[in-house]
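Inspection log for the structure reproduced underneath, given as structure tokens.
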Amino acid sequence: MKILSMLLIVLLFSFIFEDIWALPIEPDKVKGLTATATSPSQIDLSWDEPYDGESPITGYQIERKKASDSWEIYIADTGNTDTAYSDQGLDVNTVYRYRVSAINEIGIGTASTAKAATTFAITEPDKVTGLSATAVSPIQIDLSWDKPYDGNSPIIGYQIERKKASDAWEIYIVDTGSTVTTYSDQGLDMNTTYRYKISAINAIGIGPASTAKAAKTLDITDPDKVTGLTATATSPSQIDLSWDEPYDGESPITGYQIERKKASDSWEIYIADTGNTDTAYSDQGLDVNTVYSYKISAINAIGMGSASSIASANTLNLVPTIPSSPLNLSGAFDGTNYTLAWDMPNSDGGSVITDYIIEYSRDALNWNTYYDNVGISTNSILTGLVGESYYFRVYAVNAIGTSLPSDLVKVISTAYGTGSDSRNPPKIAGMGIFKINETEQSDAIIPNRFENYFLYSKHSNVSDRELYGDKYSKTGTYWDKKDFDKIQPIFPKNHDIFQIQIPIIDEYYGSKIEHVSLYFQDKSNKPNSELWVSFDKPGNIQVNDPQKIFKNVDVFYSLEDDYFWAVFNIEFGKPFSSGILIESWHESKRPVYEFVSDVLESDSEFSENRSKIEHMATIDINSHTSSPKCKETHDCYIPNDAYVLEGGMVMWHNHDEDFIHTITSGMSETGPNNIFNGMLRPGEMFHNTFGTEGKYPYYCMIHPWAEGTVTVVKENILPPEKIIHSTETNIEGNVLIPATEKFPLIVKSLASGKTNIINTNDVVQIESKNLKVEIVGFVGTKNPANQIKVQIIRPDNSEKIYNTPITNDGHYSLLTTLSEQWQEGMYQVEVFYGKNRIGNITFDVIEKKDNGFGGILKYDVSASGLKSINGSEFYRETENLGWYSLKVGEKHTIFQLTEIENTDLDQKIPPKLTNEIPEHGLTLFVIVPVVILTSVIGIASIYRKK
């Protein structure tokens with residue numbers, strides 16, 4: 001009975017004080033306050049949000065005091081719920097103390113425990129390190145050094161001290177007046193040692209001088225010995241000389257001395273000084289059929305270098321002789337007639353060739369002359385010969401007589417009417433694709449470009465000038481047949497001109513190729529397209545183009561380097577998508593085919609593919625980039641053609657362990673255009689942000705065959721959808737949503753004056769214990785609405801938060817220090833835009849203890865996609881998104897929100913939050929009634945106070 005009475009009393013009091021539990025009060029005491037000095041005039045505060053007393057916090061009161069001064073209310077009400085504040089405009093090297101109290105509509109809560117910080121002191125700069133002195137000429141030494149710590153006052157210049165040998169130190173440059181960390185000391189004495197010391201200057205004063213470094217200017221000497229001398233007789237009265245330019249002894253070469261002698265005669269100075277730097281000379285007016293010997297010496301302002309080794313030549317005999325034999329005889333049979341072709345002899349014997357004689361035989365023993373009045377043509381069609389096979393040979397004739405015969409060729413008449421023994425079909429070797437662009441400057445002055453790196457028709461340079469004049473440029477590359485699957489598509493537009501080069505080889509060095517066609521189709525079998533271009537020797541061009549895709553078509557052919565080249569110049573009238581089927585045959589008329597898929601793509605297809613292009617692209621540089629062969633295999637850079645969205649970032653990573661590479665905007669043929677330029681040592685990275693749509697070629701200045709392209713395209717922006725996002729979500733359990741796009745975030749270590757890009761999981765070796773970094777990135781949109789918040793978490797779990805502005809093009813940059821005190825261990829950098837975390841990098845920092853240059857030890861990149869969250873986090877995670885993925889069992893559904901409704905019967909609806917006492921609270925009252933009853937007086941007193 002007593003227990004029942006007590007229960008009734010408890011229930012009675014619970015109804016009485018039900019409203020007391022729900023009354024709001026002041027916020028709790030603020031906890032977790034930290035104060036961190038970030039400069040001589042700024043201290044940053046951060047704290048934890050306290051319990052709000054059931055009334056939302058509207059702001060915070062900040063109290064501040066110096067040393068023994070009294071507390072003052074520095075900020076009566078911040079007016080916002082931010083839990084961080086930057087106190088600026090402070091005195092240098094001064095201790096400030098702070099307390100923070102939370103504010104709600106009831107009042108001000110209890111102030112936090114006071115925290116203090118001391119603003120940085122301003123001092124002279126640190127000692128300059130990394131000084132180097134390098135002699136570059138007899139009168140110049142170049143200096144360079146690392147920028148030291150500035151003592152919290154910007155460096156404004158450097159003082160340079162200099163001395164010779166045992167002379168006293170003198171202040172050579174009082175103040176360079178520049179922050180540049182290099183200097184060229186000119187007008188020096190040659191072959192002399194100079195020593196240097198450098199000190200940094202700021203508004204406070206001059207820092208300690210660097211360790212002295214010395215260099216000795218170069219000495220001026222006579223030129224080195226001339227090498228590479230050659231002598232070539234070009235006529236009965238002329239010998240041409242050529243040689244290599246030697247080292248000039250640090251004084252420019254002004255001319256060359258030429259010595260000459262005949263047979264057993266003595267040497268004579270034939271030319272005392274040529275008076276120019278030409279490395280060739282034609283000696284004329286010589287005796288016929290006479291041996292001349294030569295020596296060459298280089299001349300500079302100091303004197304004359306050693307003479308070259310002797311080179312000799314014999315002038316030609318004035319009496320002509322018979323020609324040498326014709327070369328490269330070939331033959332074929334077309335079913336009726338025999339066809340022969342050959343090359344001219346190496347020498348006409350000093351008398352013009354007037355005729356060629358053809359002989360034929362059944363057994364290569366008994367020969368007959370074929371009377372065809374061939375003249376000086378190097379091919380002939382032989383009619384009227386009866387039989388299945390013949391041997392042929394050819395003689396050259398001049399006024400002196402007839403040459404020895406050429407090599408034999410046997411031609412067989414077969415059932416197919418083909419040519420010589422073991423006649424094989426032709427082979428299509430590959431395809432070159434080049435774009436012709438109009439320019440203001442002539443491209444014709446740049447010879448021998450493409451042919452140095454891959455198969456290329458040099459004759460096309462001649463036909464190009466016939467078609468386009470001198471004001472054009474050509475860009476493109478060649479693809480071997482085995483690499484057809486790697487061909488990058490082209491996107492022809494109206495008026496675009498593309499040149500397609502097809503090299504073909506057969507047993508007769510291409511001379512018997514008769515036909516080449518291009519069929520524009522998507523299938524690799526026999527021709528089935530309405531759009532095609534056909535070429536037949538000697539110059540028959542046919543075009544079938546019912547849809548008017550082409551505006552103009554020209555075709556040229558040539559025989560070069562044992563290949564038959566068909567060069568198709570096509571001006572497009574509109575965009576078009578297709579593969580290309582290549583067809584060819586020789587005199588047999590039996591076709592061969594090679595197919596290249598997806599060579600042409602229209603703008604619409606390219607626009608569709610833009611959805612796959614991101615705001616960041618990574619390009620790898622591997623060891624084979626240092627070899628010209630990468631030009632042939634199209635993998636100097638991987639990828640060779642990179643795509644990135646406008647405003648995005650491209651990062652190059654040098655995986656080559658042996659070579660430095662540069663990333664230089666422009667083309668190797670025309671030089672840099674100064675849009676971007678970076679030098680990468682092994683393991684280093686370089687990045688550039690591209691703000692404007694367009695195509696950006698680049699190359700390596702050290703390995704000029706390594707060329708690549710970055711194409712920047714505009715992002716396809718879909719119109720925003722109006723989304724009603726309910727905060728009363730009833731989603732419970734695990735949900736899959738798209739992970740927020742991680743836009744480029746880069747942390748650069750600025751230790752020791754070097755810039756090293758840090759990535760996730762990197763280990764950063766710091767040799768100077770300098771934790772200064774630059775944090776840069778992109779928020780993924782232009783004209784952003786908010787600032788970004790950068791949070792740095794240190795190894796001791798302390799945190800630092802920066803509110804950083806964003807530029808109109810969506811980029812941000814923050815120069816800061818990871819930690820004011822040296823801390824080894826793991827650091828984490830997070831970047832938030834609104835409520836979304838758009839960047840996160842974790843890395844380790846260790847002290848560099850050996851003699852290396854420091855830097856990054858390893859590199860890893862992780863991918864992002866869908867992420868799993870708890871239903872309670874659904875609203876926070878998806879508030880700023882437009883598309884969602886709801887997982888049910890093993891399946892998930894992607895949808896766009898207008899409202900969030902409970903359409904999943906398997907999901908539970910969480911209990912509605914009320915002011916009722918929860919079930920476990922009632923159990924507590926039942927178990928410990930005495931404690932509850934004795935607390936009534938205290939509760940009542942609180943109620944009266946409120």
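Chain identifiers are assigned as A, B, and so on, following the order in which chains appear in the structure tokens; residues are numbered from 1 within each chain, and ligands are numbered from 1 in order of appearance.
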Skip region 56-59 of chain A itself and residues of its chain fewer than 2 positions away, then list as a PyMOL selection string all residues within 10 Å of it, counting only C-alpha atoms.
-> chain A and resi 24+26-27+49-54+61-62+76-83+101-108
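If only C-alpha atoms are the atoms counted, then among A:Ser251, A:Thr94, A:Ser68, A:Ser153 the closest residue to Ser137 (chain A) is A:Ser251.
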Selection near Tyr593 (chain A), 10 Å with only C-alpha atoms, sequence-local residues under 5 positions removed, as a compact mmCIF listing (two decimals) with N, CA and C atoms, in the first residue's frame:
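Output (out-v9.txt):
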# COMPACT_ATOMS: atom_id res chain seq x y z
N PRO A 426 49.80 -5.13 -101.86
CA PRO A 426 50.39 -3.99 -101.15
C PRO A 426 49.98 -3.99 -99.68
N LYS A 427 50.70 -3.22 -98.88
CA LYS A 427 50.40 -3.10 -97.45
C LYS A 427 50.19 -1.63 -97.11
N ILE A 428 49.07 -1.37 -96.41
CA ILE A 428 48.77 -0.02 -95.92
C ILE A 428 49.50 0.13 -94.59
N VAL A 516 43.99 4.28 -104.54
CA VAL A 516 43.74 4.46 -103.11
C VAL A 516 42.39 5.15 -102.94
N SER A 517 41.54 4.61 -102.06
CA SER A 517 40.23 5.21 -101.79
C SER A 517 40.02 5.32 -100.29
N LEU A 518 39.25 6.33 -99.89
CA LEU A 518 38.79 6.48 -98.51
C LEU A 518 37.27 6.38 -98.50
N SER A 524 33.78 -2.17 -90.66
CA SER A 524 35.11 -2.49 -91.15
C SER A 524 35.11 -3.45 -92.32
N ASN A 525 33.94 -3.87 -92.80
CA ASN A 525 33.94 -4.82 -93.92
C ASN A 525 34.11 -4.07 -95.25
N LYS A 526 33.69 -4.67 -96.38
CA LYS A 526 33.92 -4.08 -97.69
C LYS A 526 33.18 -2.73 -97.82
N PRO A 527 33.54 -1.92 -98.80
CA PRO A 527 32.93 -0.60 -98.95
C PRO A 527 31.40 -0.68 -99.03
N LEU A 581 37.41 3.58 -93.98
CA LEU A 581 37.91 2.34 -94.58
C LEU A 581 38.85 2.72 -95.71
N ILE A 582 40.13 2.26 -95.61
CA ILE A 582 41.15 2.57 -96.62
C ILE A 582 41.24 1.39 -97.58
N GLU A 583 41.20 1.69 -98.87
CA GLU A 583 41.28 0.66 -99.92
C GLU A 583 42.44 0.98 -100.85
N SER A 584 43.19 -0.07 -101.27
CA SER A 584 44.29 0.15 -102.21
C SER A 584 44.53 -1.12 -103.02
N TRP A 585 45.13 -0.96 -104.21
CA TRP A 585 45.60 -2.09 -104.99
C TRP A 585 46.73 -1.65 -105.93
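Atom to atom, CA of Glu799 (chain A) and CA of Ile43 (chain A) stand 14.0 Å apart.
In this model, the gap between CA of Asp240 (chain A) and CA of Gln284 (chain A) comes to 8.5 Å.
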Contacts of Lys537 (chain A) within 10 Å, only C-alpha atoms, excl. fewer than 4 positions in-chain, as a list in words = Lys512, Ile513, Glu514, His515, Val516, Ile541, Phe556 and Tyr557 of chain A
Output C-alpha atoms of each residue in that selection to a file, as a tab-separated table (two decimals), in the first residue's frame.
chain	number	residue	atom	x	y	z
A	512	LYS	CA	53.15	-0.08	-108.93
A	513	ILE	CA	50.39	1.24	-106.65
A	514	GLU	CA	47.51	2.36	-108.86
A	515	HIS	CA	44.57	3.06	-106.58
A	516	VAL	CA	43.74	4.46	-103.11
A	541	ILE	CA	40.03	11.89	-108.55
A	556	PHE	CA	48.37	14.27	-104.55
A	557	TYR	CA	50.72	11.31	-104.68
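CA of Leu408 (chain A) lies 5.1 Å from CA of Arg393 (chain A).
Nearest residue to Asn346 (chain A) among A:Ala307, A:Ala396, A:Ile793, A:Ala231 is A:Ala396, counting only C-alpha atoms.
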Please report, as a ChimeraX atom specification, each residue of region 456-587 of chain A to which DSSP assigns strand (DSSP E) when run on this structure's backbone.
-> /A:472-480,497-505,515-521,532-536,540-544,550-560,563-572,578-585
Which residues of region 659-708 of chain A sit at most 12 Å from region 618-625 of chain A, using only C-alpha atoms? Give each one's shortest atom pair and distance in Å (one decimal place), in chain and ascending residue order, as a Markdown table.
| residue | atom | partner | partner_atom | distance |
| --- | --- | --- | --- | --- |
| A:Phe659 | CA | A:Ser623 | CA | 7.9 |
| A:Ile660 | CA | A:Ile621 | CA | 10.3 |
| A:His661 | CA | A:Ile621 | CA | 8.3 |
| A:Thr662 | CA | A:Ile621 | CA | 10.2 |
| A:Ile663 | CA | A:Ile621 | CA | 10.2 |
| A:Leu680 | CA | A:Ile621 | CA | 9.7 |
| A:Arg681 | CA | A:Ile621 | CA | 11.0 |
| A:Pro682 | CA | A:Ile621 | CA | 9.7 |
| A:Gly683 | CA | A:Ile621 | CA | 9.7 |
| A:Glu684 | CA | A:Ile621 | CA | 10.3 |
| A:Met685 | CA | A:Asp620 | CA | 9.5 |
| A:Phe686 | CA | A:Ile619 | CA | 9.9 |
| A:His687 | CA | A:Thr618 | CA | 9.0 |
| A:Asn688 | CA | A:Thr618 | CA | 10.8 |
| A:Tyr699 | CA | A:Thr625 | CA | 10.8 |
| A:Cys700 | CA | A:Thr625 | CA | 9.2 |
| A:Ile702 | CA | A:Thr625 | CA | 10.5 |
| A:His703 | CA | A:Thr625 | CA | 7.7 |
| A:Pro704 | CA | A:Thr625 | CA | 10.0 |
| A:Trp705 | CA | A:Thr625 | CA | 8.6 |
| A:Ala706 | CA | A:Thr625 | CA | 6.4 |
| A:Glu707 | CA | A:Thr625 | CA | 9.6 |
| A:Gly708 | CA | A:Ile619 | CA | 9.7 |
Kindly provide the residues of region 163-229 of chain A that approach region 308-316 of chain A to within 8 Å, each paired with its closest atom pair and their distance in Å to one decimal, based on only C-alpha atoms, listed by chain and increasing number, as CSV.
residue,atom,partner,partner_atom,distance
A:Lys225,CA,A:Ser308,CA,5.8
A:Val226,CA,A:Ser308,CA,4.8
A:Thr227,CA,A:Ser308,CA,5.8
A:Leu229,CA,A:Ala311,CA,6.4
Shell around region 212-224 of chain A at 7 Å using only C-alpha atoms, local window under 5 positions removed, as a PyMOL selection string = chain A and resi 131-135+137-141+190-197+246-251+298-300+302-306
Mind checking which residues fall within 12 Å of Leu404 (chain A), counting only C-alpha atoms, ignoring those fewer than 6 positions away in the same chain, and posting them as a PyMOL selection string?
-> chain A and resi 322-327+345+356-357+393-397
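Closest approach to Asn337 (chain A) from the set A:Asp185, A:Glu161, A:Asp150, A:Glu587 is made by A:Glu587, with distances taken over only C-alpha atoms.
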